[in-house]
file work.txt (compact mmCIF, C-alpha atoms)
# COMPACT_ATOMS: atom_id res chain seq x y z
CA MET O 10 20.20 -57.73 58.89
CA LEU O 11 19.05 -59.84 56.00
CA LEU O 12 22.24 -60.37 54.04
CA PRO O 13 23.77 -62.95 56.42
CA ARG O 14 20.51 -64.91 56.37
CA LEU O 15 20.46 -64.90 52.60
CA ARG O 16 24.01 -66.20 52.64
CA ARG O 17 23.06 -68.97 55.05
CA PHE O 18 20.08 -69.94 52.91
CA ALA O 19 22.20 -69.91 49.75
CA ARG O 20 24.83 -72.04 51.44
CA ALA O 21 22.20 -74.62 52.30
CA LEU O 22 21.11 -74.68 48.66
CA ALA O 23 24.42 -74.50 46.86
CA ARG O 24 27.00 -75.85 49.28
CA ASP O 25 30.00 -74.23 47.58
CA VAL O 26 30.70 -70.91 49.25
CA HIS O 27 31.47 -69.07 46.02
CA ASP O 28 28.43 -70.44 44.25
CA ALA O 29 26.33 -69.49 47.27
CA ASP O 30 27.62 -65.93 47.32
CA ASP O 31 27.10 -65.68 43.57
CA LEU O 32 23.47 -66.59 44.17
CA VAL O 33 23.14 -63.92 46.81
CA GLN O 34 24.79 -61.35 44.58
CA ILE O 35 22.48 -62.20 41.70
CA ALA O 36 19.51 -62.07 44.02
CA VAL O 37 20.50 -58.66 45.35
CA GLU O 38 20.88 -57.32 41.84
CA ARG O 39 17.54 -58.73 40.80
CA ALA O 40 15.89 -57.42 43.93
CA LEU O 41 17.17 -53.92 43.32
CA THR O 42 16.15 -53.90 39.67
CA ARG O 43 12.75 -55.41 40.44
CA SER O 44 12.02 -53.52 43.58
CA ALA O 45 8.78 -52.26 42.04
CA GLN O 46 7.41 -55.80 42.25
CA LEU O 47 7.76 -55.86 45.99
CA ARG O 48 4.33 -55.87 47.57
CA PRO O 49 4.24 -53.69 50.62
CA ASP O 50 2.36 -56.29 52.65
CA ALA O 51 4.78 -59.14 51.94
CA PRO O 52 7.80 -59.47 54.18
CA LEU O 53 10.94 -58.49 52.35
CA SER O 54 12.74 -61.56 53.64
CA SER O 55 10.28 -63.97 51.99
CA TRP O 56 10.54 -62.09 48.74
CA MET O 57 14.33 -62.23 48.87
CA PHE O 58 14.41 -65.93 49.75
CA GLY O 59 12.23 -66.54 46.72
CA ILE O 60 14.62 -64.61 44.49
CA VAL O 61 17.63 -66.53 45.81
CA ARG O 62 15.86 -69.79 45.22
CA ASN O 63 14.80 -68.86 41.70
CA ALA O 64 18.37 -67.86 40.90
CA TRP O 65 19.42 -71.27 42.14
CA LEU O 66 16.85 -73.02 39.95
CA ASP O 67 18.12 -71.04 36.94
CA GLU O 68 21.63 -72.12 37.78
CA LEU O 69 20.63 -75.78 38.10
CA ARG O 70 18.91 -75.64 34.72
CA ALA O 71 22.00 -74.07 33.18
CA ARG O 72 24.21 -76.71 34.72
CA GLY O 73 21.93 -79.38 33.36
CA ARG O 74 22.27 -77.92 29.89
CA ARG O 75 26.04 -77.64 30.16
CA THR O 76 26.34 -81.18 31.43
CA ARG O 77 24.22 -82.57 28.64
CA LEU O 78 26.09 -80.62 26.01
CA PHE O 79 29.67 -80.72 27.13
CA ALA O 80 30.56 -83.20 29.78
CA PRO O 81 29.61 -86.39 31.47
CA GLU O 82 28.12 -85.96 34.94
CA GLU O 83 30.84 -84.91 37.29
CA SER O 84 31.15 -87.04 40.33
CA ALA O 85 30.21 -85.14 43.42
CA GLU O 86 33.11 -83.52 45.21
CA ARG O 87 34.22 -85.66 48.03
CA ILE O 88 34.64 -84.18 51.39
CA GLY O 89 38.04 -84.21 52.97
CA ASP O 90 38.07 -86.40 56.03
CA GLY O 91 40.82 -84.32 57.59
CA SER O 92 38.34 -81.59 58.55
CA GLN O 93 37.56 -81.15 62.19
CA GLY O 94 34.81 -79.91 64.41
CA ALA O 95 32.26 -77.33 63.29
CA HIS O 96 33.60 -77.15 59.76
CA ALA O 97 33.41 -80.90 59.32
CA ASP O 98 29.87 -80.79 60.61
CA LEU O 99 28.95 -78.06 58.16
CA LEU O 100 30.37 -80.15 55.35
CA ALA O 101 28.55 -83.28 56.50
CA VAL O 102 25.27 -81.41 56.70
CA GLN O 103 25.79 -79.69 53.36
CA ASP O 104 26.72 -83.00 51.80
CA ALA O 105 23.51 -84.54 53.07
CA LEU O 106 21.48 -81.53 51.92
CA ALA O 107 23.09 -81.71 48.50
CA ARG O 108 21.79 -85.23 48.05
CA LEU O 109 18.21 -84.23 48.57
CA PRO O 110 16.04 -83.42 45.58
CA GLU O 111 16.11 -79.64 45.20
CA GLU O 112 12.51 -79.11 46.25
CA GLN O 113 13.02 -81.02 49.49
CA ARG O 114 16.26 -79.20 50.17
CA ALA O 115 14.60 -75.81 49.74
CA ALA O 116 11.72 -76.80 52.03
CA VAL O 117 14.12 -78.02 54.71
CA ALA O 118 16.31 -74.93 54.42
CA LEU O 119 13.40 -72.51 54.66
CA VAL O 120 11.61 -74.16 57.57
CA LEU O 121 14.32 -75.85 59.61
CA ILE O 122 17.22 -73.51 59.00
CA GLU O 123 15.60 -70.16 58.27
CA GLY O 124 12.72 -70.73 60.67
CA LEU O 125 9.94 -69.75 58.28
CA SER O 126 6.43 -70.93 59.01
CA TYR O 127 4.91 -73.50 56.67
CA LYS O 128 2.77 -70.77 55.20
CA GLU O 129 5.70 -68.47 54.54
CA ALA O 130 7.82 -71.26 53.10
CA ALA O 131 4.98 -72.37 50.83
CA HIS O 132 4.66 -68.78 49.67
CA VAL O 133 8.38 -68.54 48.89
CA MET O 134 8.29 -71.80 46.93
CA GLU O 135 5.00 -70.88 45.28
CA VAL O 136 3.35 -74.18 46.19
CA PRO O 137 0.32 -75.09 48.33
CA ILE O 138 0.99 -75.77 52.00
CA GLY O 139 0.23 -79.47 51.59
CA THR O 140 2.96 -79.74 48.95
CA LEU O 141 5.37 -77.92 51.20
CA THR O 142 4.71 -80.16 54.19
CA SER O 143 5.08 -83.36 52.21
CA ARG O 144 8.38 -82.15 50.73
CA LEU O 145 9.51 -81.17 54.19
CA ALA O 146 8.54 -84.55 55.65
CA ARG O 147 10.34 -86.47 52.92
CA GLY O 148 13.42 -84.26 53.12
CA ARG O 149 13.53 -84.67 56.85
CA GLU O 150 13.26 -88.40 56.69
CA ALA O 151 16.07 -88.63 54.16
CA LEU O 152 18.27 -86.39 56.27
CA GLN O 153 17.58 -88.43 59.40
CA GLU O 154 18.65 -91.41 57.42
CA MET O 155 21.86 -89.82 56.19
CA LEU O 156 22.82 -88.00 59.35
CA GLY O 157 21.03 -90.43 61.59
CA GLU O 158 23.65 -91.76 63.90
CA SER O 159 25.27 -88.49 64.74
CA THR O 160 21.86 -86.82 65.14
CA GLY O 161 20.91 -89.46 67.65
CA ALA O 162 24.20 -89.01 69.43
CA LEU O 163 23.49 -85.32 69.74
CA ARG O 164 21.15 -85.89 72.68
CA MET X 10 -3.78 -92.04 70.61
CA ASN X 11 -1.85 -92.39 67.38
CA PHE X 12 -0.49 -89.33 65.71
CA SER X 13 0.48 -89.21 62.07
CA ASP X 14 4.03 -88.32 61.10
CA GLU X 15 2.75 -85.06 59.67
CA THR X 16 1.13 -84.14 62.96
CA VAL X 17 4.24 -84.98 64.96
CA MET X 18 6.32 -82.94 62.55
CA ALA X 19 3.92 -80.01 62.72
CA TYR X 20 4.01 -80.21 66.49
CA ALA X 21 7.81 -80.13 66.54
CA ASP X 22 7.73 -77.15 64.18
CA GLY X 23 5.24 -75.23 66.30
CA GLU X 24 2.62 -75.35 63.55
CA LEU X 25 -0.28 -76.94 65.44
CA ASP X 26 -3.21 -75.03 66.84
CA ALA X 27 -3.59 -74.90 70.60
CA ALA X 28 -6.02 -77.83 70.89
CA SER X 29 -3.94 -80.24 68.81
CA ARG X 30 -0.83 -79.10 70.58
CA ALA X 31 -2.35 -79.86 73.94
CA ALA X 32 -3.43 -83.29 72.71
CA VAL X 33 0.10 -84.14 71.57
CA GLU X 34 1.58 -82.90 74.81
CA ALA X 35 -0.85 -84.91 76.89
CA ALA X 36 0.00 -88.03 74.92
CA MET X 37 3.72 -87.37 75.13
CA ALA X 38 3.52 -87.41 78.91
CA THR X 39 2.60 -91.09 78.85
CA ASP X 40 4.07 -92.22 75.56
CA PRO X 41 7.88 -92.13 75.49
CA GLN X 42 7.90 -93.25 71.87
CA LEU X 43 5.93 -90.24 70.82
CA ALA X 44 8.21 -88.02 72.85
CA GLN X 45 11.15 -89.57 71.08
CA ARG X 46 9.67 -88.93 67.65
CA VAL X 47 9.32 -85.28 68.56
CA ALA X 48 12.84 -85.18 69.95
CA ARG X 49 14.21 -86.61 66.73
CA HIS X 50 12.64 -83.83 64.71
CA ARG X 51 13.99 -81.21 67.06
CA ALA X 52 17.46 -82.76 67.07
CA LEU X 53 17.59 -82.59 63.30
CA ARG X 54 16.65 -78.93 63.33
CA GLU X 55 19.33 -78.24 65.92
CA ARG X 56 21.88 -80.16 63.94
CA LEU X 57 21.15 -78.19 60.78
CA ARG X 58 21.20 -74.91 62.61
CA ALA X 59 24.42 -75.72 64.42
CA ALA X 60 26.06 -76.52 61.11
CA LEU X 61 24.85 -73.49 59.17
CA ASP X 62 24.50 -70.76 61.79
CA PRO X 63 28.21 -69.94 61.75
CA VAL X 64 27.61 -68.53 58.26
CA LEU X 65 25.71 -65.70 59.95
CA ASP X 66 28.85 -64.59 61.74
CA GLU X 67 31.01 -64.49 58.64
CA PRO X 68 31.52 -60.98 57.36
CA PRO X 69 29.73 -60.79 54.00
CA PRO X 70 32.20 -60.49 51.14
CA GLU X 71 32.81 -56.97 49.93
CA ARG X 72 31.34 -57.71 46.51
CA LEU X 73 27.96 -58.38 48.11
CA LEU X 74 28.05 -55.16 50.09
CA GLU X 75 29.06 -53.29 46.94
CA GLY X 76 26.13 -54.86 45.15
CA VAL X 77 23.77 -53.62 47.81
CA ARG X 78 25.25 -50.15 47.66
CA GLY X 79 24.62 -50.12 43.96
CA ALA X 80 28.21 -50.16 42.81
CA PRO X 81 29.13 -52.64 40.12
CA ALA X 82 31.05 -55.53 41.61
CA PRO X 83 32.88 -58.32 39.84
CA ARG X 84 31.38 -61.71 40.38
CA HIS X 85 33.33 -64.78 41.29
CA ALA X 86 31.77 -66.52 38.30
CA ALA X 87 33.63 -69.80 38.34
CA ASN X 88 30.48 -71.85 37.94
CA VAL X 89 27.63 -69.47 37.70
CA VAL X 90 27.95 -68.33 34.12
CA ALA X 91 24.42 -68.68 32.89
CA LEU X 92 23.18 -65.65 34.75
CA LYS X 93 23.84 -62.42 32.98
CA ARG X 94 24.71 -59.34 34.92
CA LYS X 95 21.91 -56.88 35.10
CA ALA X 96 22.56 -53.22 34.61
CA ALA X 97 23.59 -51.54 37.81
CA PRO X 98 20.48 -50.73 39.80
CA ARG X 99 19.25 -47.17 39.65
CA TRP X 100 18.25 -45.14 42.64
CA SER X 101 14.57 -45.54 43.04
CA TRP X 102 13.08 -44.71 46.35
CA PRO X 103 11.51 -46.03 48.37
CA GLN X 104 11.95 -49.67 47.53
CA TRP X 105 15.62 -49.48 46.76
CA GLY X 106 16.35 -47.82 50.04
CA ALA X 107 14.14 -50.18 51.95
CA ILE X 108 15.81 -53.20 50.44
CA ALA X 109 19.33 -51.92 50.71
CA ALA X 110 18.84 -50.75 54.24
CA SER X 111 17.36 -54.02 55.35
CA LEU X 112 20.02 -56.05 53.61
CA VAL X 113 22.88 -54.34 55.31
CA GLY X 114 21.45 -52.15 57.99
CA GLY X 115 18.85 -54.05 59.93
CA VAL X 116 16.38 -51.25 59.29
CA LEU X 117 13.19 -51.86 57.39
CA LEU X 118 11.04 -49.04 56.29
CA GLY X 119 7.37 -48.25 56.56
CA PRO X 120 5.12 -51.17 55.71
CA LEU X 121 8.20 -53.37 55.62
CA LEU X 122 8.93 -52.54 59.17
CA LEU X 123 9.87 -55.72 60.95
CA ARG X 124 12.27 -54.56 63.58
CA ALA X 125 11.83 -50.88 64.14
CA PRO X 126 14.60 -49.17 65.99
CA ALA X 127 13.31 -47.18 68.94
CA GLY X 128 11.54 -44.12 67.61
CA ALA X 129 11.84 -45.25 64.01
CA ALA X 130 13.85 -42.67 62.16
CA LEU X 131 12.34 -43.42 58.77
CA VAL X 132 8.79 -43.82 57.55
CA THR X 133 7.28 -44.30 54.13
CA ARG X 134 4.38 -42.20 52.99
CA ASP X 135 2.87 -41.93 49.52
CA GLY X 136 5.77 -43.81 48.03
CA GLN X 137 8.41 -41.63 49.62
CA VAL X 138 10.75 -42.27 52.49
CA LEU X 139 10.60 -39.51 55.04
CA ALA X 140 12.66 -38.77 58.08
CA SER X 141 10.85 -39.03 61.37
CA GLY X 142 11.66 -39.13 65.05
CA VAL X 143 15.22 -38.29 66.01
CA LEU X 144 16.28 -37.96 62.40
CA ALA X 145 13.58 -35.43 61.51
CA ARG X 146 14.35 -33.44 64.63
CA ALA X 147 18.08 -33.38 63.98
CA LEU X 148 17.62 -32.41 60.32
CA THR X 149 15.40 -29.54 61.32
CA GLU X 150 17.20 -28.31 64.41
CA GLN X 151 20.77 -29.47 64.59
CA LEU X 152 23.52 -27.27 63.19
CA ALA X 153 26.55 -28.98 61.74
CA SER X 154 28.68 -26.30 63.32
CA ASP X 155 27.29 -26.97 66.77
CA GLN X 156 26.18 -30.51 67.43
CA PRO X 157 26.20 -32.40 70.68
CA ARG X 158 28.85 -35.01 70.95
CA GLY X 159 27.41 -38.51 70.85
CA ALA X 160 24.08 -37.33 69.45
CA PRO X 161 22.24 -40.14 67.60
CA VAL X 162 22.34 -38.14 64.38
CA GLN X 163 25.33 -36.26 63.09
CA ILE X 164 24.69 -33.69 60.40
CA GLY X 165 27.27 -33.41 57.64
CA VAL X 166 26.90 -31.02 54.76
CA SER X 167 23.98 -28.65 54.21
CA PHE X 168 23.40 -27.22 50.76
CA ARG X 169 20.84 -25.97 48.28
CA ALA X 170 19.85 -28.31 45.51
CA ARG X 171 19.39 -27.15 41.94
CA ASN X 172 15.63 -27.12 42.43
CA GLY X 173 16.05 -24.73 45.35
CA ASP X 174 15.32 -27.20 48.15
CA TYR X 175 17.60 -27.39 51.14
CA CYS X 176 19.31 -30.73 51.59
CA ARG X 177 21.54 -32.14 54.29
CA THR X 178 23.68 -35.22 54.66
CA PHE X 179 23.63 -37.12 57.91
CA VAL X 180 24.87 -40.18 59.70
CA LEU X 181 22.34 -42.04 61.80
CA ARG X 182 24.08 -43.93 64.51
CA GLU X 183 21.20 -45.85 65.97
CA GLN X 184 21.56 -49.53 65.17
CA SER X 185 24.32 -49.87 62.65
CA ALA X 186 25.46 -46.62 61.19
CA LEU X 187 23.50 -45.43 58.20
CA ALA X 188 24.47 -42.42 56.18
CA GLY X 189 22.11 -40.57 53.93
CA LEU X 190 20.99 -37.41 52.29
CA ALA X 191 17.62 -35.78 52.85
CA CYS X 192 15.98 -32.80 51.18
CA ARG X 193 13.35 -30.59 52.74
CA GLY X 194 9.98 -30.87 51.06
CA ARG X 195 6.92 -28.87 51.98
CA GLU X 196 6.24 -30.78 55.17
CA ALA X 197 9.02 -33.24 55.77
CA TRP X 198 12.54 -34.31 55.04
CA ARG X 199 12.55 -36.64 52.05
CA LEU X 200 15.32 -39.23 51.84
CA GLU X 201 17.24 -39.20 48.58
CA VAL X 202 19.71 -41.91 49.41
CA LEU X 203 20.62 -44.10 52.33
CA ALA X 204 23.65 -46.33 52.66
CA GLN X 205 25.57 -48.16 55.27
CA ALA X 206 28.17 -45.85 56.72
CA PRO X 207 31.72 -46.95 57.27
CA ALA X 208 32.44 -47.71 60.90
CA GLN X 209 32.39 -44.45 62.81
CA PRO X 210 35.36 -43.74 64.99
CA ALA X 211 34.62 -41.59 68.00
CA ALA X 212 36.27 -38.66 66.27
CA ALA X 213 33.54 -38.71 63.64
CA ALA X 214 31.36 -36.80 66.03
CA ASP X 215 33.43 -33.74 65.17
CA TYR X 216 32.12 -31.34 62.62
CA ARG X 217 33.32 -32.17 59.17
CA PRO X 218 32.89 -29.42 56.64
CA ALA X 219 33.27 -31.68 53.62
CA GLY X 220 31.55 -34.93 52.76
CA SER X 221 34.78 -36.78 53.35
CA ALA X 222 33.39 -39.60 55.48
CA LEU X 223 30.32 -40.22 53.32
CA PRO X 224 29.70 -43.50 51.53
CA ALA X 225 30.27 -43.20 47.81
CA SER X 226 26.57 -43.42 46.96
CA VAL X 227 25.74 -40.51 49.25
CA ALA X 228 28.63 -38.43 47.98
CA ARG X 229 27.51 -39.13 44.41
CA THR X 230 23.97 -38.02 45.16
CA LEU X 231 25.32 -34.88 46.78
CA ASP X 232 27.33 -34.11 43.65
CA GLU X 233 24.28 -34.64 41.47
CA LEU X 234 22.03 -32.39 43.50
CA ILE X 235 24.16 -29.58 44.76
CA ALA X 236 23.96 -26.11 43.25
CA GLY X 237 27.01 -24.03 44.08
CA GLU X 238 28.80 -24.49 47.36
CA PRO X 239 27.73 -26.07 50.65
CA LEU X 240 26.31 -23.68 53.21
CA ASP X 241 28.70 -22.25 55.73
CA ALA X 242 27.77 -21.90 59.39
CA ALA X 243 25.99 -18.59 58.83
CA GLY X 244 24.11 -19.92 55.81
CA GLU X 245 23.03 -22.96 57.79
CA THR X 246 21.78 -20.88 60.70
CA GLY X 247 19.88 -18.62 58.32
CA ALA X 248 18.26 -21.55 56.53
CA ARG X 249 17.17 -23.05 59.81
CA ALA X 250 15.65 -19.74 60.86
CA ARG X 251 13.54 -19.80 57.66
CA GLY X 252 12.37 -23.32 58.42
CA TRP X 253 14.41 -24.68 55.49
CA LYS X 254 11.94 -23.19 53.04
CA PRO X 255 13.32 -22.34 49.64
call {"tool": "encode", "arguments": {"input": "work.txt", "output": "structure tokens"}}
result
Amino acid sequence: MLLPRLRRFARALARDVHDADDLVQIAVERALTRSAQLRPDAPLSSWMFGIVRNAWLDELRARGRRTRLFAPEESAERIGDGSQGAHADLLAVQDALARLPEEQRAAVALVLIEGLSYKEAAHVMEVPIGTLTSRLARGREALQEMLGESTGALR
Amino acid sequence: MNFSDETVMAYADGELDAASRAAVEAAMATDPQLAQRVARHRALRERLRAALDPVLDEPPPERLLEGVRGAPAPRHAANVVALKRKAAPRWSWPQWGAIAASLVGGVLLGPLLLRAPAGAALVTRDGQVLASGVLARALTEQLASDQPRGAPVQIGVSFRARNGDYCRTFVLREQSALAGLACRGREAWRLEVLAQAPAQPAAAADYRPAGSALPASVARTLDELIAGEPLDAAGETGARARGWKP
């Protein structure tokens, strides 16, 4: 079942659950209206991940426009420290992901969370493999830095 | 031997060829630092997965399922305003069905086949989705008025379409339940629509004369296609005897 995976991927990109589901909804609509573009030899999942990510890029561009036109940069939402357990961990991870440059975040989400091969992830992001691996390496390093202590503590 | 960060990362991600992999593993046996670098990469992956995997177990919101089924659904739209709604998708087999089925059903069709259920019930050929395996057999042989309890396919309504073809609705209970409507072409049953079926209580195995339990998209397709009334038991038996030929 692909829908839950798309939701997980969108959550890694967008953090906010409603924004993430909006991305998935947009992606589903686009996929269904563009189904003729689907190449029979390409896995559907890669194609869908690409659509989710492009929807996210559109959204980021739109936010950039809105911010420039209407409002000063909003400060990032702070995470409640009252949260416990798995939910707190999700928030900590999403917070760290949100601080990565988008291209690193997408590379990390596709390879480390969605389990795509480098080749598949490069295909989704429409970049050469070398570009993908360097984004992945940089994203990883930054995450280690941000999540470092607790990652080390986790065996 | 010194391995670059990229190589260590590729090793941890299972991206190295056999020879390089063996070299890293041999070195790891005597180099605890190298082993630790690998472990760090793996720990990060585990940490990310542990944080985000619970999303997989959340039931997808209804609006997403509606979107997949092709029904217009309101969007949350607090932040995402830049993206205009597209017109509701139109039925266009086979891609629509393949996408929708794989999004919600775990079934991928034809060339998209990733995880085929045993005896794949659907195949694509020449741009059409056709019934095969248990589904084709049930569509050809099973009578709605006399179907085995617990059979993998339950036939719903049989009818003649306006073009003269015989069509039948069904629920496929392999994997998650899928409901659909197929029409008999010259050689095979051609799928017109496929949707995720509502959860099937055990009682659903009983014969239902009307399309009451059908997902909206299937019921809508039935309404569009049907000429006259659904076949009764005698009409169904007669049509089967003629091999479902118009």
call {"tool": "closest_residue", "arguments": {"input": "work.txt", "among": "O:Leu99, O:Ala151, O:Val133, O:Val37", "to": "Ala21 of chain O", "atoms": "only C-alpha atoms"}}
result
O:Leu99
call {"tool": "residues_around", "arguments": {"input": "work.txt", "residues": "Glu55 of chain X", "least_positions_apart": "3", "cutoff": "9 Å", "atoms": "only C-alpha atoms", "output": "short mmCIF file (atom, residue, chain, number, x, y, z; two decimals) with C-alpha atoms, in the coordinates of the input"}}
result
data_model
loop_
_atom_site.label_atom_id
_atom_site.label_comp_id
_atom_site.auth_asym_id
_atom_site.auth_seq_id
_atom_site.Cartn_x
_atom_site.Cartn_y
_atom_site.Cartn_z
CA LEU O 121 14.32 -75.85 59.61
CA ILE O 122 17.22 -73.51 59.00
CA THR O 160 21.86 -86.82 65.14
CA HIS X 50 12.64 -83.83 64.71
CA ARG X 51 13.99 -81.21 67.06
CA ALA X 52 17.46 -82.76 67.07
CA ARG X 58 21.20 -74.91 62.61
CA ALA X 59 24.42 -75.72 64.42
CA ALA X 60 26.06 -76.52 61.11
#
call {"tool": "atom_distance", "arguments": {"input": "work.txt", "atom1": "atom CA of Arg199 of chain X", "atom2": "atom CA of Pro13 of chain O"}}
result
28.9 Å
call {"tool": "interface_residues", "arguments": {"input": "work.txt", "of": "chain O", "to": "chain X", "cutoff": "6 Å", "atoms": "all atoms listed in the file", "output": "list in words"}}
result
Met10, Leu11, Leu12, Pro13, Arg17, Gln34, Leu41, Thr42, Ser44, Pro49, Ala71, Asp98, Leu99, Leu121 and Ile122 of chain O
call {"tool": "atom_distance", "arguments": {"input": "work.txt", "atom1": "atom CA of Ala101 of chain O", "atom2": "atom CA of Gly157 of chain O"}}
result
11.6 Å
call {"tool": "atom_distance", "arguments": {"input": "work.txt", "atom1": "atom CA of Gly165 of chain X", "atom2": "atom CA of Ala130 of chain X"}}
result
16.9 Å
call {"tool": "residues_around", "arguments": {"input": "work.txt", "residues": "Leu106 of chain O", "least_positions_apart": "5", "cutoff": "10 Å", "atoms": "all atoms listed in the file", "output": "ChimeraX atom specification"}}
result
/O:21-24,100-101,111,113-115,117-118,148-149,151-152,155-156 /X:57
call {"tool": "closest_residue", "arguments": {"input": "work.txt", "among": "X:Ala145, X:Val227, X:Met37, X:Ala21", "to": "Thr178 of chain X", "atoms": "only C-alpha atoms"}}
result
X:Val227
call {"tool": "residues_around", "arguments": {"input": "work.txt", "residues": "Arg193 of chain X", "least_positions_apart": "3", "cutoff": "9 Å", "atoms": "all atoms listed in the file", "output": "ChimeraX atom specification"}}
result
/X:148-149,174-177,196-200,253-255
